[in-house]
Every structure is written in structure tokens, then in C-alpha cells.
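First the structure, in the form of C-alpha cells, and then the observations on it.
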Amino acid sequence: GENVEQHPSTLSVQEGDSAVIKCTYSDSASNYFPWYKQELGKRPQLIIDIRSNVGEKKDQRIAVTLNKTAKHFSLHITETQPEDSAVYFCAASKTGNQFYFGTGTSLTVIP
Amino acid sequence: KAGVTQTPRYLIKTRGQQVTLSCSPISGHRSVSWYQQTPGQGLQFLFEYFSETQRNKGNFPGRFSGRQFSNSRSEMNVSTLELGDSALYLCASSWGTEGGEQYFGPGTRLTVT
């Protein structure tokens, strides 16, 4: 099956700096890559996603890039704010709604 | 639109017992997926249902089962509970069947003692 690796497991940045989280996947047939944000005690929420026919997607301060050849995708958060502090999960899917998740990155934004 | 709801939110069971968890998807969503979330293993896929049929199944023992009703509500059942089954069980709903946006419920926190 698919294997998704996510790095780093923890990340601390100063408010206003950028944060980058990287994921690699093993199955070249995977074609949908969402990112979820999970605040403490809350449900995961979709923040951005990308499909395999697109190389980059942006939504305000958040962007995701995909390199199909290298089988990796990254989340970029610019101008970080304290409310960005949460655990971020990447995921990959190739068929149906069976998602394989990375192990999560705990992001702390220091005011 | 109301979001995905799960009941109960918290559950304490004893080893050997069985448990049934319920998930109501967003109105109009026909796909429901279930995940187990633990600190050590992260989010792991259990199974997916669409139109009352199981479409995909993760790598979990047969003690974990599920079903979906005609109104798209879904239940999952865990029989012969083990201590290692203690986890947050999340369901997620989506409209279609092919890698679309999934919306998660708040989860059911299961503790097995």
C-alpha cells in the first residue's frame, strides 16, 4: 500500500516567519494530496489540497507544491501567526476516499 | 449545512466488550470513511462506505466492522475490545467517491480498560 512520510515532526517559528512541511509518498498512482490542520481537541480541517495534474496551488498565506517525479509535496505557510499553531497532516489518495496520512507536524508559532 | 456528527463523543469500555459508534454525514454526502487516530500511529484508515457498500478497507483485524444505511449514516463496530483499541475514532464524509474533500466529524474518544 501507500506510505506517506512527513517531516519535520515538530517545527517552531517566530511569528511572521515562513513554515515549510514536507511529505513524500511511495505510490506513483496517488493523485490527490490534501493537507489538514488539527487544533488541540478538535477535528482535522482541510486547509488546502492539490491534484496530480497541478504543480502548485495557493490560497492567501498557504501554498502547496507537488513534484510528481520526486513523489513529494510540501506545505508553505507565509507570515505565520499564533493561530497557525496546530498539528498539520498531509495525506495521499489514489482511489476512492482511502487516504494515507503522514504522521503529523506540530507547528508552534512564537509571538 | 450541519457538519458531520458522531455519537457518542466519549466511551469507556472493558476489555472483551463490544462497541458501536455512529456517524451522520453532511446532508447529501454519500461516502463515509472511518479512521483511527492514536498518538503512536497517527491517522489510520479503517474503511469506506458508499451507497451502503464497503468500497475500501484498511489493514485492521476482522474485529473492526462497519455498515452504512440508506440515509448514508454509518456505524462501526469493534468486537472483543483490546486495550490497544483505545483511540479517537473519526469519521469523514464526502460527496463523491474519487479523492474529493473529506469533512471530519468531532470523533468518538474510546477508552478500553
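In the C-alpha cells, the first chain shown is A, the next is B, and so on; residue numbers restart at 1 for each chain, and ligands run from 1 in the order shown.
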Residues at most 8 Å from Glu39 in chain A, counting only C-alpha atoms, excluding those fewer than 5 positions away in the same chain, as a list in words?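 Contacts, in chain order: Pro44, Ser85, Ala86 and Val87 of chain A.
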Could the residues in this selection be written to a file with all heavy atoms, as a short mmCIF file (atom, residue, chain, number, x, y, z; two decimals), in the first residue's frame?
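Result went into part16.cif, see below:
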```cif
data_model
loop_
_atom_site.label_atom_id
_atom_site.label_comp_id
_atom_site.auth_asym_id
_atom_site.auth_seq_id
_atom_site.Cartn_x
_atom_site.Cartn_y
_atom_site.Cartn_z
N PRO A 44 -9.82 17.30 12.48
CA PRO A 44 -8.97 17.77 11.36
C PRO A 44 -9.82 18.59 10.38
O PRO A 44 -10.96 18.22 10.09
CB PRO A 44 -8.49 16.48 10.72
CG PRO A 44 -8.67 15.42 11.76
CD PRO A 44 -9.86 15.83 12.56
N SER A 85 -0.67 27.86 14.96
CA SER A 85 -0.15 26.78 15.79
C SER A 85 -1.17 25.64 15.84
O SER A 85 -2.33 25.84 16.20
CB SER A 85 0.13 27.28 17.21
OG SER A 85 1.16 28.25 17.20
N ALA A 86 -0.73 24.46 15.46
CA ALA A 86 -1.60 23.28 15.37
C ALA A 86 -0.76 22.11 14.87
O ALA A 86 0.43 22.25 14.61
CB ALA A 86 -2.75 23.54 14.40
N VAL A 87 -1.41 20.96 14.73
CA VAL A 87 -0.77 19.82 14.08
C VAL A 87 -1.26 19.76 12.64
O VAL A 87 -2.47 19.85 12.39
CB VAL A 87 -1.08 18.50 14.81
CG1 VAL A 87 -0.43 17.33 14.07
CG2 VAL A 87 -0.58 18.55 16.25
#
```
Taking 6 positions as the minimum chain separation for residues in the same chain, which residues sit within 10 Å of Phe69 in chain B when counting only C-alpha atoms? Answer as a PyMOL selection string. chain B and resi 49-53+75
Convert the current residue selection to file output with N, CA, C and O atoms, as a PDB file, in the first residue's frame.
```pdb
ATOM      1  N   TYR B  49     -17.401   3.548   3.092  1.00  0.00           N
ATOM      2  CA  TYR B  49     -18.688   3.089   2.587  1.00  0.00           C
ATOM      3  C   TYR B  49     -19.266   4.122   1.639  1.00  0.00           C
ATOM      4  O   TYR B  49     -19.132   5.336   1.843  1.00  0.00           O
ATOM      5  N   PHE B  50     -19.885   3.606   0.609  1.00  0.00           N
ATOM      6  CA  PHE B  50     -20.587   4.455  -0.346  1.00  0.00           C
ATOM      7  C   PHE B  50     -21.817   3.708  -0.802  1.00  0.00           C
ATOM      8  O   PHE B  50     -21.724   2.545  -1.223  1.00  0.00           O
ATOM      9  N   SER B  51     -22.955   4.355  -0.722  1.00  0.00           N
ATOM     10  CA  SER B  51     -24.223   3.722  -1.108  1.00  0.00           C
ATOM     11  C   SER B  51     -24.377   2.340  -0.490  1.00  0.00           C
ATOM     12  O   SER B  51     -24.675   1.358  -1.180  1.00  0.00           O
ATOM     13  N   GLU B  52     -24.114   2.270   0.796  1.00  0.00           N
ATOM     14  CA  GLU B  52     -24.323   1.061   1.617  1.00  0.00           C
ATOM     15  C   GLU B  52     -23.337  -0.064   1.294  1.00  0.00           C
ATOM     16  O   GLU B  52     -23.506  -1.183   1.805  1.00  0.00           O
ATOM     17  N   THR B  53     -22.330   0.223   0.488  1.00  0.00           N
ATOM     18  CA  THR B  53     -21.353  -0.807   0.116  1.00  0.00           C
ATOM     19  C   THR B  53     -19.973  -0.412   0.608  1.00  0.00           C
ATOM     20  O   THR B  53     -19.564   0.745   0.480  1.00  0.00           O
ATOM     21  N   GLU B  75     -22.292   3.199  10.820  1.00  0.00           N
ATOM     22  CA  GLU B  75     -21.877   2.712  12.130  1.00  0.00           C
ATOM     23  C   GLU B  75     -20.624   1.872  11.969  1.00  0.00           C
ATOM     24  O   GLU B  75     -20.430   1.210  10.944  1.00  0.00           O
TER      25      GLU B  75
END
```
Closest pair table for chain A residues within 12 Å of chain B, only C-alpha atoms, as CSV:
```
residue,atom,partner,partner_atom,distance
A:Gly1,CA,B:Gly58,CA,9.6
A:Glu2,CA,B:Gly58,CA,11.1
A:Asn3,CA,B:Gln44,CA,11.3
A:Val4,CA,B:Leu43,CA,11.3
A:Glu5,CA,B:Gly42,CA,11.5
A:Gln6,CA,B:Gly42,CA,11.3
A:Ser9,CA,B:Gly42,CA,11.6
A:Ser30,CA,B:Gly99,CA,9.6
A:Asn31,CA,B:Gly99,CA,8.0
A:Tyr32,CA,B:Gly99,CA,6.0
A:Phe33,CA,B:Gly99,CA,8.6
A:Pro34,CA,B:Glu101,CA,7.9
A:Trp35,CA,B:Glu101,CA,10.3
A:Tyr36,CA,B:Gln102,CA,9.9
A:Lys37,CA,B:Phe104,CA,11.2
A:Gln38,CA,B:Phe104,CA,10.5
A:Glu39,CA,B:Pro106,CA,11.5
A:Leu40,CA,B:Pro106,CA,11.6
A:Gly41,CA,B:Pro106,CA,8.7
A:Lys42,CA,B:Pro106,CA,6.4
A:Arg43,CA,B:Pro106,CA,5.0
A:Pro44,CA,B:Phe104,CA,6.2
A:Gln45,CA,B:Phe104,CA,7.0
A:Leu46,CA,B:Tyr103,CA,7.3
A:Ile47,CA,B:Glu101,CA,10.1
A:Ile48,CA,B:Glu101,CA,9.5
A:Asp49,CA,B:Glu101,CA,8.2
A:Ile50,CA,B:Gly100,CA,10.2
A:Arg51,CA,B:Gly99,CA,9.1
A:Ser52,CA,B:Gly99,CA,11.2
A:Val87,CA,B:Gly42,CA,11.1
A:Tyr88,CA,B:Gly42,CA,11.3
A:Phe89,CA,B:Leu43,CA,8.9
A:Cys90,CA,B:Leu43,CA,10.4
A:Ala91,CA,B:Leu43,CA,9.6
A:Ala92,CA,B:Gly99,CA,8.9
A:Ser93,CA,B:Gly99,CA,6.2
A:Lys94,CA,B:Gly99,CA,7.0
A:Thr95,CA,B:Glu98,CA,6.0
A:Gly96,CA,B:Glu98,CA,4.3
A:Asn97,CA,B:Gly99,CA,5.1
A:Gln98,CA,B:Phe45,CA,6.6
A:Phe99,CA,B:Phe45,CA,6.6
A:Tyr100,CA,B:Phe45,CA,6.9
A:Phe101,CA,B:Leu43,CA,6.0
A:Gly102,CA,B:Gly42,CA,7.5
A:Thr103,CA,B:Gly42,CA,5.3
A:Gly104,CA,B:Gly42,CA,7.3
A:Thr105,CA,B:Gly42,CA,10.8
```
Can you tell me, as a ChimeraX atom specification, what residues are no more than 8 Å from range 15-22 of chain B when counting only C-alpha atoms, ignoring any on the same chain fewer than 3 positions away? /B:6-8,73-83,108,112-113
If you run DSSP on the backbone, which residues of chain B are strand (DSSP E), as a ChimeraX atom specification? /B:5-7,10-13,19-24,31-38,42-50,53-57,64-68,74-78,87-94,103-104,108-112
May I have the residues within 8 Å of Val13 in chain A as a JSON list (two decimals) with N, CA and C atoms, in the first residue's frame, using only C-alpha atoms and disregarding those fewer than 2 positions away in the same chain?
```json
[["chain", "number", "residue", "atom", "x", "y", "z"],
["A", 11, "LEU", "N", 7.98, 21.73, 14.66],
["A", 11, "LEU", "CA", 8.53, 22.91, 14.00],
["A", 11, "LEU", "C", 8.13, 24.14, 14.81],
["A", 15, "GLU", "N", 6.80, 34.38, 14.92],
["A", 15, "GLU", "CA", 5.65, 35.00, 14.24],
["A", 15, "GLU", "C", 6.14, 35.86, 13.08],
["A", 17, "ASP", "N", 7.49, 34.67, 10.35],
["A", 17, "ASP", "CA", 8.37, 33.85, 9.51],
["A", 17, "ASP", "C", 7.53, 32.85, 8.71],
["A", 18, "SER", "N", 8.22, 32.16, 7.80],
["A", 18, "SER", "CA", 7.55, 31.13, 7.00],
["A", 18, "SER", "C", 7.78, 29.75, 7.61],
["A", 19, "ALA", "N", 6.86, 28.84, 7.33],
["A", 19, "ALA", "CA", 6.98, 27.45, 7.78],
["A", 19, "ALA", "C", 6.79, 26.54, 6.56],
["A", 80, "THR", "N", 3.53, 33.68, 9.28],
["A", 80, "THR", "CA", 2.84, 32.87, 10.28],
["A", 80, "THR", "C", 2.32, 33.72, 11.43],
["A", 107, "LEU", "N", 3.23, 22.34, 14.71],
["A", 107, "LEU", "CA", 3.77, 23.68, 14.44],
["A", 107, "LEU", "C", 3.46, 24.61, 15.59],
["A", 108, "THR", "N", 4.50, 25.27, 16.10],
["A", 108, "THR", "CA", 4.33, 26.29, 17.13],
["A", 108, "THR", "C", 4.82, 27.61, 16.58],
["A", 109, "VAL", "N", 3.97, 28.61, 16.62],
["A", 109, "VAL", "CA", 4.35, 29.95, 16.19],
["A", 109, "VAL", "C", 4.56, 30.79, 17.44],
["A", 110, "ILE", "N", 5.77, 31.27, 17.62],
["A", 110, "ILE", "CA", 6.14, 32.01, 18.83],
["A", 110, "ILE", "C", 5.89, 33.50, 18.62]]
```
Spatial neighbours of Asn67 in chain A, max dist 12 Å, only C-alpha atoms, sep filter under 4 positions, as number ranges by chain: A: 22-25, 28, 31, 33, 50-56, 71-74
For those residues, write C-alpha atoms to a file as a short mmCIF file (atom, residue, chain, number, x, y, z; two decimals), in the first residue's frame.
```cif
data_model
loop_
_atom_site.label_atom_id
_atom_site.label_comp_id
_atom_site.auth_asym_id
_atom_site.auth_seq_id
_atom_site.Cartn_x
_atom_site.Cartn_y
_atom_site.Cartn_z
CA LYS A 22 7.39 18.23 3.53
CA CYS A 23 5.81 14.90 2.66
CA THR A 24 6.88 12.06 0.41
CA TYR A 25 4.70 9.28 -0.93
CA SER A 28 3.08 6.90 -8.12
CA ASN A 31 -3.37 11.59 -7.45
CA PHE A 33 -3.00 15.31 -1.86
CA ILE A 50 -3.78 19.61 -4.82
CA ARG A 51 -4.33 17.13 -7.60
CA SER A 52 -1.64 15.40 -9.58
CA ASN A 53 -2.26 17.45 -12.73
CA VAL A 54 -1.27 20.66 -10.92
CA GLY A 55 2.17 21.68 -9.70
CA GLU A 56 1.27 24.44 -7.27
CA LYS A 71 6.94 11.98 -5.31
CA HIS A 72 6.93 14.72 -2.77
CA PHE A 73 4.70 17.61 -1.86
CA SER A 74 5.11 20.49 0.55
#
```
Could you tell me how far CA of Phe60 in chain B sits from CA of Ser24 in chain B, in Å to one decimal place?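 Between CA of Ser24 in chain B and CA of Phe60 in chain B the gap is 22.4 Å.
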Which value, in Å to one decimal, gives the distance between CA of Ile21 in chain A and CA of Thr78 in chain A? 11.8 Å
Extract, using only C-alpha atoms, all DNA, RNA and protein residues at most 9 Å from Ser27 in chain B, discarding same-chain residues fewer than 6 positions from it, and format them as a ChimeraX atom specification. /B:1-4,72
Include N, CA and C atoms and write out the residues we just selected as a PDB file, in the first residue's frame.
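Just written: selection.pdb:
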```pdb
ATOM      1  N   LYS B   1     -25.309  24.304   6.279  1.00  0.00           N
ATOM      2  CA  LYS B   1     -25.406  22.836   6.373  1.00  0.00           C
ATOM      3  C   LYS B   1     -24.821  22.384   7.690  1.00  0.00           C
ATOM      4  N   ALA B   2     -25.452  21.424   8.308  1.00  0.00           N
ATOM      5  CA  ALA B   2     -24.888  20.869   9.525  1.00  0.00           C
ATOM      6  C   ALA B   2     -23.668  20.046   9.157  1.00  0.00           C
ATOM      7  N   GLY B   3     -22.692  20.017  10.074  1.00  0.00           N
ATOM      8  CA  GLY B   3     -21.478  19.263   9.816  1.00  0.00           C
ATOM      9  C   GLY B   3     -21.653  17.797  10.126  1.00  0.00           C
ATOM     10  N   VAL B   4     -20.557  17.083  10.043  1.00  0.00           N
ATOM     11  CA  VAL B   4     -20.559  15.663  10.368  1.00  0.00           C
ATOM     12  C   VAL B   4     -20.702  15.507  11.882  1.00  0.00           C
ATOM     13  N   SER B  72     -27.321   7.143   4.412  1.00  0.00           N
ATOM     14  CA  SER B  72     -25.884   7.411   4.438  1.00  0.00           C
ATOM     15  C   SER B  72     -25.266   7.423   5.831  1.00  0.00           C
TER      16      SER B  72
END
```
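Here CA of Thr10 in chain A is placed at a distance of 16.9 Å from CA of Thr38 in chain B.
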